[in-house]
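These notes are about the structure you will find just below.
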Amino acid sequence: MNGARDWEAREPRRPGVIRRVLPTALAFVIIIGGMAYLGGDLRELLGTAPGSPRSAAATNRVYEETGPVDARCDTVPQDVNADPATSLRALSKCLDRMWAATLAQADLDYERPREVRLVASRDKAACGVEDYDWAGIYCPRGRVVNVLIEDWHTFPMMFTLAHEYAHHVQEISGIANQRGSEVFDDAWSRRLELQADCLAAVTLRTSWPNPLENFRRMARGDSGTTGELEDGYLQSHGSGASSAAWMLRGGQAGTMAACNTWGAPADQVS
Ligand SMILES: [Zn+2]
């Protein structure tokens, strides 16, 4: 989660500045002249156009048809730091159970990731992506979750595992399987990443004492090893404040519906 992307990009990034200023421009345009030819593009931008990729992601049936995610995870060792790999393997089993039960409510068959790789170095990851400083990465084509095992507290690695699992859920539920011009730009990426943060918090909310405080620390990037967040990371993953807000929302509500970043206004996914 520390790099420009932790899911496999299929197209190069494009600058997102125009998309940030366009909502203001929309109001201006409407007031001064109703330039009708802009309407289609702007509806697309705001995600309200029926059939647009964002509209499809925002109206996925999981939001309406699933209730609170049962986040109990009795098999994770009490001392998660004693053996991080054992803790992560135990959490992986819980995440499979949680997501299978949750998606079943929406008549979706859950398939486990084909592989969960706990890797000692980034070049061991299944995606073959080595060009940035990620802590975890999900390869949608191979449906492989990768988490880098590092010598630090286990909670950030467990959060990373839950976040990459959330990308897997986005993939198999159809949320991430959209096609269109807006897909894979920075604004799209932020909604995808902030939703994964929110869903990770949903699944981890009962696993630690003071989970909300841990989520705040994760969002601030002060888990002990990460430095200042780079611009590329912020553009593709959202600000620490946005991340914290979505984690807290997921951690408090415990539902997929609370994590619908696709229907949120732009300032909540900045
Ligand atoms: Zn991610």
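Identifiers in this document derive from the order of the structure tokens: chains are assigned A, B, ..., residues are numbered from 1 separately in each chain, and ligands are numbered from 1 in order of occurrence.
Selecting all polymer residues at most 9 Å from ligand 1, using only C-alpha atoms and all ligand atoms, gives Met1, Asn2, Arg5, Asp6, Trp7, Gly136, Ile137, Tyr138, Thr160, His163, Glu164, Ala166, His167, Ser189, Leu192, Glu193, Leu194, Gln195, Ala196, Asp197 and His237 of chain A.
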(request) List the neighbours of Val202 of chain A out to 6 Å using only C-alpha atoms; skip same-chain residues closer than 6 positions along the sequence, and give me the result as a list in words. (result) Gly250, Gly251 and Gly254 of chain A
Given the selection you just returned, output its residues as a file containing all heavy atoms, formatted as a PDB file, in the first residue's frame.
ATOM      1  N   GLY A 250     -16.016   2.565   8.159  1.00  0.00           N
ATOM      2  CA  GLY A 250     -16.130   1.111   8.056  1.00  0.00           C
ATOM      3  C   GLY A 250     -16.037   0.438   9.416  1.00  0.00           C
ATOM      4  O   GLY A 250     -16.788  -0.493   9.716  1.00  0.00           O
ATOM      5  N   GLY A 251     -15.119   0.928  10.248  1.00  0.00           N
ATOM      6  CA  GLY A 251     -14.923   0.328  11.557  1.00  0.00           C
ATOM      7  C   GLY A 251     -16.123   0.512  12.472  1.00  0.00           C
ATOM      8  O   GLY A 251     -16.403  -0.329  13.329  1.00  0.00           O
ATOM      9  N   GLY A 254     -19.454  -1.325  10.011  1.00  0.00           N
ATOM     10  CA  GLY A 254     -19.270  -2.752   9.806  1.00  0.00           C
ATOM     11  C   GLY A 254     -19.995  -3.330   8.603  1.00  0.00           C
ATOM     12  O   GLY A 254     -20.209  -4.536   8.532  1.00  0.00           O
TER      13      GLY A 254
END
(request) Within 8 Å of Val144 of chain A, counting only C-alpha atoms, which residues show up once you throw out same-chain ones fewer than 4 positions away? Write them as number ranges by chain, please. (result) A: 113-117, 126, 138-140
(request) Grab the atom CA of Thr59 of chain A to atom CA of Ala187 of chain A distance for me, in Å with one decimal place. (result) 17.8 Å
All helix (DSSP H, G or I) residues (DSSP, backbone) inside segment 39-108 of chain A, as a compact mmCIF listing (two decimals) with N, CA and C atoms, in the first residue's frame:
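Written output follows (selection04.txt):
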# COMPACT_ATOMS: atom_id res chain seq x y z
N GLY A 39 -23.10 18.53 -20.83
CA GLY A 39 -23.87 17.78 -19.85
C GLY A 39 -23.50 16.32 -19.74
N GLY A 40 -23.34 15.67 -20.89
CA GLY A 40 -23.02 14.24 -20.85
C GLY A 40 -21.71 13.96 -20.16
N ASP A 41 -20.68 14.74 -20.52
CA ASP A 41 -19.36 14.53 -19.91
C ASP A 41 -19.42 14.77 -18.42
N LEU A 42 -20.14 15.80 -18.01
CA LEU A 42 -20.15 16.15 -16.59
C LEU A 42 -20.97 15.17 -15.78
N ARG A 43 -22.06 14.69 -16.36
CA ARG A 43 -22.80 13.64 -15.65
C ARG A 43 -21.91 12.43 -15.45
N GLU A 44 -21.12 12.12 -16.49
CA GLU A 44 -20.18 11.00 -16.41
C GLU A 44 -19.18 11.27 -15.29
N LEU A 45 -18.69 12.48 -15.26
CA LEU A 45 -17.70 12.86 -14.26
C LEU A 45 -18.26 12.70 -12.86
N LEU A 46 -19.50 13.08 -12.68
CA LEU A 46 -20.11 13.03 -11.36
C LEU A 46 -20.68 11.65 -11.05
N PRO A 53 -19.44 3.59 -15.78
CA PRO A 53 -18.72 2.64 -14.90
C PRO A 53 -18.87 2.97 -13.43
N ARG A 54 -18.83 4.27 -13.08
CA ARG A 54 -18.93 4.60 -11.66
C ARG A 54 -20.32 4.34 -11.13
N SER A 55 -21.31 4.63 -11.93
CA SER A 55 -22.68 4.35 -11.52
C SER A 55 -22.85 2.85 -11.28
N ALA A 56 -22.25 2.04 -12.15
CA ALA A 56 -22.35 0.58 -11.98
C ALA A 56 -21.66 0.14 -10.69
N ALA A 57 -20.50 0.74 -10.41
CA ALA A 57 -19.79 0.37 -9.18
C ALA A 57 -20.57 0.83 -7.95
N ALA A 58 -21.26 1.96 -8.07
CA ALA A 58 -21.99 2.54 -6.93
C ALA A 58 -23.29 1.80 -6.64
N VAL A 62 -24.26 -5.63 -3.67
CA VAL A 62 -23.75 -5.96 -2.33
C VAL A 62 -24.11 -4.89 -1.30
N TYR A 63 -24.26 -3.64 -1.74
CA TYR A 63 -24.54 -2.59 -0.75
C TYR A 63 -25.92 -2.75 -0.12
N GLU A 64 -26.87 -3.15 -0.97
CA GLU A 64 -28.25 -3.28 -0.50
C GLU A 64 -28.50 -4.61 0.19
N GLU A 65 -27.82 -5.65 -0.29
CA GLU A 65 -28.24 -7.00 0.08
C GLU A 65 -27.38 -7.66 1.15
N PRO A 84 4.48 -13.48 13.03
CA PRO A 84 3.62 -12.75 12.09
C PRO A 84 3.02 -13.62 11.00
N ALA A 85 3.81 -14.57 10.46
CA ALA A 85 3.27 -15.39 9.36
C ALA A 85 2.10 -16.24 9.84
N THR A 86 2.21 -16.79 11.05
CA THR A 86 1.11 -17.59 11.60
C THR A 86 -0.13 -16.72 11.79
N SER A 87 0.09 -15.50 12.31
CA SER A 87 -1.05 -14.60 12.51
C SER A 87 -1.71 -14.24 11.18
N LEU A 88 -0.90 -13.99 10.17
CA LEU A 88 -1.44 -13.61 8.87
C LEU A 88 -2.19 -14.78 8.22
N ARG A 89 -1.64 -15.99 8.35
CA ARG A 89 -2.34 -17.17 7.81
C ARG A 89 -3.68 -17.37 8.52
N ALA A 90 -3.69 -17.18 9.81
CA ALA A 90 -4.94 -17.34 10.57
C ALA A 90 -5.94 -16.27 10.14
N LEU A 91 -5.47 -15.05 9.97
CA LEU A 91 -6.38 -13.98 9.54
C LEU A 91 -6.91 -14.26 8.14
N SER A 92 -6.06 -14.79 7.27
CA SER A 92 -6.49 -15.12 5.91
C SER A 92 -7.68 -16.07 5.93
N LYS A 93 -7.62 -17.08 6.79
CA LYS A 93 -8.75 -18.03 6.90
C LYS A 93 -10.02 -17.32 7.37
N CYS A 94 -9.85 -16.42 8.34
CA CYS A 94 -11.02 -15.67 8.84
C CYS A 94 -11.61 -14.81 7.73
N LEU A 95 -10.75 -14.16 6.96
CA LEU A 95 -11.23 -13.27 5.90
C LEU A 95 -11.99 -14.08 4.85
N ASP A 96 -11.51 -15.28 4.53
CA ASP A 96 -12.25 -16.14 3.60
C ASP A 96 -13.65 -16.44 4.14
N ARG A 97 -13.71 -16.77 5.43
CA ARG A 97 -15.00 -17.11 6.02
C ARG A 97 -15.93 -15.89 6.05
N MET A 98 -15.37 -14.74 6.47
CA MET A 98 -16.19 -13.52 6.55
C MET A 98 -16.77 -13.14 5.20
N TRP A 99 -15.92 -13.14 4.17
CA TRP A 99 -16.38 -12.68 2.87
C TRP A 99 -17.30 -13.70 2.20
N ALA A 100 -17.06 -15.00 2.43
CA ALA A 100 -17.97 -16.01 1.88
C ALA A 100 -19.37 -15.82 2.45
N ALA A 101 -19.45 -15.63 3.77
CA ALA A 101 -20.76 -15.48 4.42
C ALA A 101 -21.43 -14.17 3.99
N THR A 102 -20.64 -13.13 3.83
CA THR A 102 -21.21 -11.83 3.47
C THR A 102 -21.72 -11.82 2.04
N LEU A 103 -20.90 -12.29 1.11
CA LEU A 103 -21.29 -12.25 -0.30
C LEU A 103 -22.44 -13.22 -0.58
N ALA A 104 -22.53 -14.29 0.22
CA ALA A 104 -23.63 -15.24 0.04
C ALA A 104 -24.98 -14.55 0.24
(request) May I ask which of the residues A:Ala257, A:Ala120, A:Met157, A:Ala125 is the closest one to Arg61 of chain A, counting only C-alpha atoms? (result) A:Ala257
(request) Enter the distance from atom CA of Ser52 of chain A to atom CA of Arg190 of chain A, in Å, rounded to one decimal. (result) 17.2 Å
(request) State, in Å with one decimal place, the distance from atom CA of Phe215 of chain A to atom CA of Gly240 of chain A. (result) 10.7 Å
(message) From a backbone DSSP assignment, name each residue in segment 100-240 of chain A labelled strand (DSSP E), as a PyMOL selection string.
(response) chain A and resi 115-119+136-139+144-148
(message) So that I can see what lies close to Ala219 of chain A, please list as a PyMOL selection string the residues with an atom at most 10 Å from it, counting only C-alpha atoms and leaving out residues fewer than 4 positions away in the same chain.
(response) chain A and resi 197+213-215+223+239-248
